[in-house]
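Data file: final.txt. Format and content: compact mmCIF, C-alpha atoms.
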# COMPACT_ATOMS: atom_id res chain seq x y z
CA MET G 1 -14.71 -3.22 -10.94
CA GLN G 2 -13.22 -5.49 -13.56
CA LEU G 3 -10.00 -5.24 -15.55
CA ASN G 4 -10.22 -5.93 -19.26
CA LEU G 5 -6.78 -6.66 -20.67
CA GLU G 6 -6.20 -5.80 -24.31
CA THR G 7 -3.47 -6.93 -26.71
CA PRO G 8 -0.04 -5.63 -25.60
CA ARG G 9 1.12 -2.48 -27.37
CA SER G 10 3.97 0.02 -27.18
CA GLN G 11 3.52 3.37 -25.45
CA GLU G 12 3.21 5.93 -28.21
CA PRO G 13 3.25 9.67 -27.35
CA LEU G 14 -0.13 10.81 -26.04
CA PRO G 15 -1.98 13.80 -27.56
CA THR G 16 -2.66 15.33 -24.13
CA GLN G 17 -0.39 16.79 -21.48
CA PRO G 18 -0.54 15.10 -18.05
CA TYR G 19 -2.46 17.01 -15.40
CA ASP G 20 -0.63 15.12 -12.64
CA ARG G 21 2.40 12.86 -12.15
CA TRP G 22 3.75 10.50 -9.53
CA VAL G 23 7.49 11.11 -9.24
CA SER G 24 9.89 9.00 -7.18
CA PRO G 25 12.35 10.61 -4.73
CA GLU G 26 15.04 9.96 -7.37
CA GLY G 27 13.08 12.02 -9.90
CA HIS G 28 11.72 9.15 -12.02
CA CYS G 29 8.18 9.45 -13.35
CA GLN G 30 6.21 6.49 -12.01
CA ALA G 31 2.79 7.45 -13.41
CA GLU G 32 1.19 10.10 -15.60
CA PHE G 33 -2.48 11.12 -15.43
CA HIS G 34 -4.28 12.24 -18.59
CA LYS G 35 -7.81 13.25 -19.57
CA PRO G 36 -8.27 12.03 -23.13
CA GLY G 37 -11.90 13.21 -23.21
CA ALA G 38 -14.33 11.05 -21.30
CA GLY G 39 -12.68 9.28 -18.40
CA PHE G 40 -9.02 9.09 -17.47
CA LEU G 41 -5.88 7.48 -18.83
CA ILE G 42 -3.09 6.53 -16.41
CA ARG G 43 0.27 5.71 -17.95
CA PHE G 44 2.88 3.74 -16.02
CA PRO G 45 5.99 4.33 -18.16
CA GLY G 46 7.57 1.11 -19.34
CA GLN G 47 4.71 -1.01 -18.01
CA ALA G 48 1.15 -0.29 -19.10
CA ASP G 49 -1.61 2.18 -19.91
CA PHE G 50 -4.98 2.01 -18.13
CA LEU G 51 -8.13 3.70 -19.41
CA ILE G 52 -10.74 4.38 -16.72
CA ALA G 53 -14.13 4.87 -18.34
CA GLU G 54 -16.79 6.82 -16.45
CA PRO G 55 -19.77 4.69 -15.37
CA GLN G 56 -22.92 4.91 -17.46
CA GLY G 57 -26.48 4.04 -16.53
CA GLY G 58 -25.63 3.08 -12.96
CA SER G 59 -22.82 0.72 -13.97
CA ASP G 60 -19.41 0.56 -12.31
CA TYR G 61 -16.21 2.11 -13.64
CA ARG G 62 -14.69 0.12 -16.50
CA VAL G 63 -10.93 -0.35 -16.60
CA ILE G 64 -9.11 -1.33 -19.79
CA GLY G 65 -5.41 -2.14 -19.67
CA TRP G 66 -2.78 -2.23 -22.42
CA PRO G 67 0.47 -3.79 -21.17
CA LEU G 68 3.73 -3.33 -23.01
CA PRO G 69 4.82 -6.46 -24.91
CA GLU G 70 7.76 -6.97 -22.54
CA CYS G 71 5.66 -6.56 -19.35
CA ASP G 72 4.29 -9.84 -17.96
CA GLU G 73 0.69 -10.28 -16.90
CA ALA G 74 1.53 -10.62 -13.18
CA ALA G 75 3.02 -7.12 -13.15
CA ILE G 76 -0.13 -5.71 -14.79
CA ILE G 77 -2.37 -7.46 -12.25
CA ASN G 78 -0.25 -6.00 -9.44
CA LEU G 79 -0.63 -2.50 -10.89
CA PHE G 80 -4.38 -2.99 -11.10
CA HIS G 81 -4.72 -4.19 -7.49
CA ASN G 82 -2.12 -1.90 -5.92
CA ALA G 83 -2.74 1.33 -7.83
CA ILE G 84 -5.87 1.44 -9.99
CA GLN G 85 -8.30 -0.06 -7.47
CA PRO G 86 -7.24 2.19 -4.55
CA ILE G 87 -7.17 5.24 -6.82
CA LEU G 88 -10.78 4.58 -7.78
CA GLY G 89 -11.61 3.65 -4.19
CA ASN G 90 -10.67 7.10 -2.92
CA HIS G 91 -12.29 8.75 -5.95
CA THR G 92 -15.61 7.13 -5.04
CA GLY G 93 -15.54 8.01 -1.33
CA GLY G 94 -13.38 5.30 0.20
CA LEU G 95 -10.28 5.54 2.37
CA PHE G 96 -7.18 3.96 0.84
CA LEU G 97 -3.50 4.53 1.65
CA HIS G 98 -0.20 3.21 0.31
CA GLY G 99 1.19 0.92 2.99
CA SER G 100 1.44 -2.48 4.63
CA ALA G 101 -0.28 -3.79 7.77
CA VAL G 102 -0.04 -6.57 10.34
CA ILE G 103 -2.01 -7.84 13.32
CA ALA G 104 -0.13 -6.62 16.38
CA GLN G 105 -2.64 -7.33 19.13
CA GLY G 106 -4.74 -10.32 20.11
CA GLU G 107 -4.11 -12.89 17.39
CA ARG G 108 -1.05 -14.90 16.55
CA GLY G 109 -0.06 -17.68 14.19
CA GLU G 110 -2.70 -20.30 13.45
CA GLN G 111 -5.18 -18.62 15.81
CA ALA G 112 -5.22 -15.56 13.57
CA GLU G 113 -5.83 -17.66 10.47
CA GLN G 114 -8.90 -19.15 12.20
CA GLY G 115 -10.14 -15.73 13.36
CA LYS G 116 -9.67 -16.60 17.05
CA GLN G 117 -8.33 -14.35 19.78
CA ASP G 118 -5.88 -14.98 22.60
CA GLY G 119 -7.57 -12.96 25.35
CA GLU G 120 -7.22 -9.35 24.19
CA ALA G 121 -9.01 -7.40 21.50
CA SER G 122 -7.37 -7.82 18.12
CA GLY G 123 -5.79 -4.80 16.54
CA ALA G 124 -3.80 -3.91 13.44
CA ILE G 125 -0.99 -1.45 12.82
CA ALA G 126 -0.20 0.12 9.47
CA PHE G 127 3.13 1.18 7.99
CA LEU G 128 3.16 3.99 5.43
CA GLY G 129 6.15 5.09 3.41
CA LEU G 130 7.68 5.71 0.04
CA SER G 131 8.32 2.90 -2.41
CA ARG G 132 11.39 0.85 -1.44
CA GLY G 133 11.21 2.36 2.04
CA GLY G 134 10.97 -0.97 3.88
CA LYS G 135 7.22 -1.30 4.50
CA THR G 136 6.83 -4.79 3.07
CA THR G 137 9.99 -6.14 4.67
CA LEU G 138 8.87 -4.79 8.05
CA ALA G 139 5.44 -6.40 7.64
CA GLY G 140 7.13 -9.65 6.61
CA SER G 141 9.34 -9.48 9.69
CA PHE G 142 6.27 -9.24 11.93
CA ALA G 143 4.66 -12.15 10.08
CA LYS G 144 7.80 -14.28 10.46
CA ALA G 145 7.62 -13.54 14.21
CA GLY G 146 4.05 -14.89 14.31
CA ARG G 147 2.01 -11.73 13.78
CA PRO G 148 0.11 -12.22 10.52
CA PHE G 149 0.10 -9.64 7.76
CA LEU G 150 -3.09 -8.23 6.26
CA THR G 151 -1.73 -6.37 3.26
CA GLU G 152 1.60 -5.44 1.74
CA ASP G 153 0.84 -2.42 -0.42
CA VAL G 154 -2.70 -1.08 0.01
CA ILE G 155 -4.39 0.01 3.24
CA ASP G 156 -8.16 -0.30 2.72
CA LEU G 157 -10.12 1.16 5.65
CA GLN G 158 -13.86 0.86 6.18
CA VAL G 159 -15.45 2.85 9.00
CA SER G 160 -17.98 0.90 11.04
CA GLY G 161 -19.22 1.34 14.59
CA GLY G 162 -16.64 3.99 15.35
CA GLN G 163 -13.76 1.76 14.21
CA TYR G 164 -11.52 1.80 11.16
CA LEU G 165 -11.63 -1.79 9.97
CA LEU G 166 -8.52 -2.67 7.98
CA GLN G 167 -9.47 -5.03 5.19
CA PRO G 168 -7.28 -7.99 4.21
CA LYS G 169 -5.99 -7.87 0.64
CA ARG G 170 -4.06 -10.48 -1.34
CA SER G 171 -2.21 -13.19 0.60
CA LYS G 172 1.22 -12.46 -0.80
CA LEU G 173 4.21 -10.24 -0.16
CA ARG G 174 6.16 -8.66 -3.00
CA LEU G 175 9.81 -8.77 -1.96
CA PHE G 176 13.21 -8.18 -3.48
CA ALA G 177 15.57 -11.14 -3.44
CA ASP G 178 17.54 -10.12 -0.35
CA SER G 179 14.40 -9.55 1.74
CA ALA G 180 12.83 -12.81 0.55
CA ARG G 181 15.95 -14.75 1.52
CA HIS G 182 16.16 -13.01 4.89
CA LEU G 183 12.57 -13.96 5.71
CA LEU G 184 12.45 -17.43 4.15
CA GLY G 185 16.03 -18.64 4.05
CA GLU G 186 19.05 -18.38 1.79
CA ASP G 187 17.91 -21.32 -0.34
CA THR G 188 14.75 -19.47 -1.44
CA GLN G 189 14.38 -19.69 -5.23
CA ILE G 190 14.39 -16.30 -6.97
CA LYS G 191 13.35 -15.80 -10.59
CA ASP G 192 14.86 -12.34 -11.09
CA ALA G 193 17.24 -10.89 -8.51
CA ASP G 194 16.58 -7.34 -9.75
CA MET G 195 12.78 -7.44 -9.51
CA LYS G 196 10.29 -7.93 -6.70
CA GLN G 197 8.96 -11.47 -6.32
CA ASP G 198 5.47 -12.56 -5.28
CA VAL G 199 5.91 -14.59 -2.11
CA GLU G 200 2.78 -16.47 -1.05
CA ALA G 201 1.69 -16.61 2.59
CA GLY G 202 2.15 -19.85 4.49
CA SER G 203 3.28 -21.24 7.81
CA ALA G 204 6.48 -19.17 7.66
CA LEU G 205 4.64 -15.96 6.75
CA PRO G 206 1.06 -16.20 8.10
CA PHE G 207 -1.75 -14.15 6.61
CA ALA G 208 -4.98 -12.97 8.26
CA ASP G 209 -8.02 -13.17 5.99
CA HIS G 210 -10.47 -11.14 8.10
CA ALA G 211 -10.86 -7.42 8.85
CA VAL G 212 -9.18 -6.10 12.00
CA PRO G 213 -9.60 -2.70 13.74
CA LEU G 214 -6.75 -0.30 13.07
CA ARG G 215 -5.01 0.84 16.27
CA GLN G 216 -2.03 2.94 15.14
CA VAL G 217 -0.24 4.19 12.04
CA TYR G 218 3.53 4.47 11.64
CA VAL G 219 4.99 6.66 8.89
CA LEU G 220 8.48 5.48 7.93
CA GLY G 221 11.16 8.14 7.70
CA THR G 222 13.22 8.58 4.56
CA ASP G 223 16.68 8.47 6.22
CA HIS G 224 17.63 4.80 6.00
CA ARG G 225 20.59 5.31 8.35
CA ALA G 226 18.63 7.05 11.11
CA PRO G 227 18.72 5.61 14.65
CA LEU G 228 15.60 3.94 16.01
CA ALA G 229 13.03 6.51 17.15
CA ILE G 230 9.24 6.70 17.48
CA GLN G 231 7.62 10.12 17.87
CA ARG G 232 3.90 10.84 17.95
CA PHE G 233 2.54 13.38 15.48
CA SER G 234 0.13 16.09 16.53
CA MET G 235 -3.20 15.89 14.70
CA GLN G 236 -2.09 18.59 12.26
CA GLU G 237 1.27 16.92 11.72
CA ALA G 238 -0.44 13.57 11.24
CA LEU G 239 -2.68 14.90 8.48
CA SER G 240 0.33 16.38 6.67
CA ALA G 241 2.22 13.09 7.07
CA LEU G 242 -0.68 10.93 5.82
CA MET G 243 -1.70 12.93 2.75
CA PRO G 244 1.33 12.05 0.55
CA HIS G 245 0.46 8.36 0.99
CA ALA G 246 -3.11 8.66 -0.28
CA PHE G 247 -4.26 7.77 -3.80
CA ILE G 248 -5.88 10.61 -5.76
CA LEU G 249 -7.25 10.28 -9.29
CA ASP G 250 -8.27 13.85 -10.12
CA VAL G 251 -6.43 16.69 -8.37
CA GLU G 252 -8.64 19.15 -10.27
CA ASP G 253 -11.94 17.82 -8.89
CA LYS G 254 -12.43 20.21 -5.96
CA PRO G 255 -15.61 18.66 -4.46
CA ARG G 256 -14.07 15.18 -4.38
CA LEU G 257 -10.81 16.57 -2.97
CA LYS G 258 -12.76 18.30 -0.19
CA GLY G 259 -14.47 15.03 0.74
CA HIS G 260 -11.17 13.14 0.61
CA PHE G 261 -9.48 15.74 2.81
CA ALA G 262 -12.31 15.48 5.36
CA ARG G 263 -11.95 11.68 5.56
CA MET G 264 -8.21 11.98 6.01
CA ALA G 265 -8.65 14.64 8.69
CA ASP G 266 -11.03 12.34 10.59
CA LEU G 267 -8.49 9.52 10.38
CA SER G 268 -5.67 11.73 11.69
CA GLN G 269 -7.89 12.75 14.61
CA ASP G 270 -9.23 9.29 15.46
CA ILE G 271 -6.10 7.12 15.07
CA ALA G 272 -2.73 7.78 16.71
CA CYS G 273 -0.02 8.38 14.11
CA TYR G 274 3.73 8.15 14.68
CA ALA G 275 6.94 8.95 12.87
CA LEU G 276 9.08 5.80 12.74
CA ASP G 277 12.79 6.02 12.02
CA PHE G 278 15.21 3.11 12.00
CA THR G 279 18.33 1.88 10.27
CA ARG G 280 17.40 -0.32 7.32
CA GLU G 281 19.42 -3.37 8.28
CA TYR G 282 17.96 -6.83 8.75
CA ALA G 283 19.74 -7.24 12.09
CA GLU G 284 17.81 -4.22 13.40
CA LEU G 285 14.35 -5.61 12.66
CA PRO G 286 13.83 -7.51 15.97
CA ARG G 287 14.63 -4.33 17.91
CA VAL G 288 12.31 -2.30 15.68
CA ARG G 289 9.47 -4.79 16.20
CA GLU G 290 9.87 -4.72 19.96
CA ALA G 291 9.96 -0.92 20.05
CA ILE G 292 6.75 -0.75 18.01
CA LEU G 293 5.00 -3.29 20.23
CA ASP G 294 6.16 -1.45 23.38
CA ASN G 295 4.80 1.77 21.90
CA LEU G 296 1.49 0.06 21.13
CA ARG G 297 1.20 -1.41 24.63
CA GLY G 298 1.80 2.02 26.18
CA ASN G 299 -1.16 3.61 24.40

Here is a file; write its structure as structure tokens.
Amino acid sequence: MQLNLETPRSQEPLPTQPYDRWVSPEGHCQAEFHKPGAGFLIRFPGQADFLIAEPQGGSDYRVIGWPLPECDEAAIINLFHNAIQPILGNHTGGLFLHGSAVIAQGERGEQAEQGKQDGEASGAIAFLGLSRGGKTTLAGSFAKAGRPFLTEDVIDLQVSGGQYLLQPKRSKLRLFADSARHLLGEDTQIKDADMKQDVEAGSALPFADHAVPLRQVYVLGTDHRAPLAIQRFSMQEALSALMPHAFILDVEDKPRLKGHFARMADLSQDIACYALDFTREYAELPRVREAILDNLRGN
């Protein structure tokens, strides 16, 4: 699918009422979903509108974006890759989740970049959680320790040969200033201290550009002062924990929802899922990494 960017425009009131919203834990509306007739319109308040046109004559979905005049193109591209594409991916039968992922078994550093293995089967772990919950910083911490990241915002799973292959996405991490400086050094240049920055992969933060089998999923708790704890979900608990981190375009399309629910149920049955709690302090990250790796080794 391609994104066609139109001339920036302001967000005038829409003639339709939203049939769904994404709302942050603080109560802020992050996205509104409308049906203006044919297709869908997704509004990200203060950022952009995206029109998703239904395919015609066997063609793919068309996506048209109208950014606000004050919203830069990089932010619009991030919305397209991190929200619109996975929304459509699930709508068309895929399996996409909101999270980050790293290689935790079998490949490290330059070996991972070359697709080589160090004696054990390679495996990825995924971190799911709410926005600003620490997913990207945790993935960056693993990468800094030599375990390459695969994605920082979108988990794209393709089922093949009985495995869930986690696909690599863009080779960058989007980090706030304090996290970027923790991972890369205090002299790291920051354009806007109040906004996330795109930090490209490199020797300090290695990236893996090939698909890796998913081994385990960790769902980050919402209490940022909680002590370190890892607890396995039952299959039923896992499904309930995973569903809020999926991307859904049309909550009124019952047949598609049924298919999506079935794919998520299979995932919760096939892949071990854990609740992960820890105190969100940079000094805690080495201990968190080691606890996760110990948990992975024991299963």

Do you have the CA of Ile248 (chain G)-CA of Gly94 (chain G) distance handy? 11.0 Å

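For the set G:Pro213, G:Pro45, G:Gly202, G:Gly134, the residue with the smallest atom-to-atom gap to Ser179 (chain G) is G:Gly134, counting all atoms listed in the file.
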
Write out as an MDAnalysis selection string the residues lying within 12 Å of Val159 (chain G), counting all atoms listed in the file and excluding same-chain residues fewer than 4 positions away. chainID G and resid 93:96 163:167 211:214 263 266:267 270:271

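Separating CA of Pro255 (chain G) from CA of Phe40 (chain G) is a distance of 17.4 Å.
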
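From CA of His98 (chain G) back to CA of Lys144 (chain G), the distance works out to 21.7 Å.
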
For the point (-16.9, 6.9, -17.2) in file coordinates, what residues are within 12 Å, counting only C-alpha atoms? Give the answer as a PyMOL selection string? chain G and resi 35-41+51-64+88

Among the residues G:Glu6, G:Glu26, G:Asp178, G:Glu237, the one that comes closest to Gln269 (chain G) [using only C-alpha atoms]: G:Glu237

So, counting only C-alpha atoms, which residue among G:Gly27, G:Tyr218, G:Glu32, G:Gln158 is closest to Leu293 (chain G)? G:Tyr218

Determine the axis-aligned bounding box of all atoms of region 238-247 of chain G present in the file, pad each side by 5 Å, and express its centre and edge lengths in Å to one decimal place as lines of an AutoDock Vina configuration file.
center_x = -1.0
center_y = 12.1
center_z = 3.7
size_x = 16.5
size_y = 18.6
size_z = 25.0

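With only C-alpha atoms as the atoms that count, the residue of G:Ile292, G:Ala121, G:Ala246, G:Ala75 with the shortest distance to Met264 (chain G) is G:Ala246.
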
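If you count all atoms listed in the file and ignore residues fewer than 2 places along the chain from region 282-287 of chain G, what sits within 8 Å of it is Leu138, Ser141, His182, Phe278, Thr279, Arg280, Arg289, Glu290 and Ala291 of chain G.
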
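In terms of minimum interatomic distance to Asp277 (chain G), G:Gln231 ranks closest within G:Gln231, G:Thr151, G:Thr92, G:Gln47, counting all atoms listed in the file.
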
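With all atoms listed in the file taken into account, every residue lying no more than 6 Å from the file point (0.6, -4.2, 11.8) is included here: Ala101, Val102, Ile103, Ala104, Ala124, Ile125 and Ala126 of chain G.
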
Find the residues around Phe207 (chain G) up to 7 Å (all atoms listed in the file counted), leave out those fewer than 6 positions away in its own chain, and share them as number ranges by chain. G: 113, 148-150, 171, 201

Any chance you can output those residues with C-alpha atoms as a PDB file, in the frame of the given file?
ATOM      1  CA  GLU G 113      -5.830 -17.660  10.470  1.00  0.00           C
ATOM      2  CA  PRO G 148       0.110 -12.220  10.520  1.00  0.00           C
ATOM      3  CA  PHE G 149       0.100  -9.640   7.760  1.00  0.00           C
ATOM      4  CA  LEU G 150      -3.090  -8.230   6.260  1.00  0.00           C
ATOM      5  CA  SER G 171      -2.210 -13.190   0.600  1.00  0.00           C
ATOM      6  CA  ALA G 201       1.690 -16.610   2.590  1.00  0.00           C
TER       7      ALA G 201
END

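The shortest atom-to-atom distance to Leu220 (chain G), with all atoms listed in the file taken into account, belongs to G:His245 out of G:His34, G:Arg170, G:His81, G:His245.
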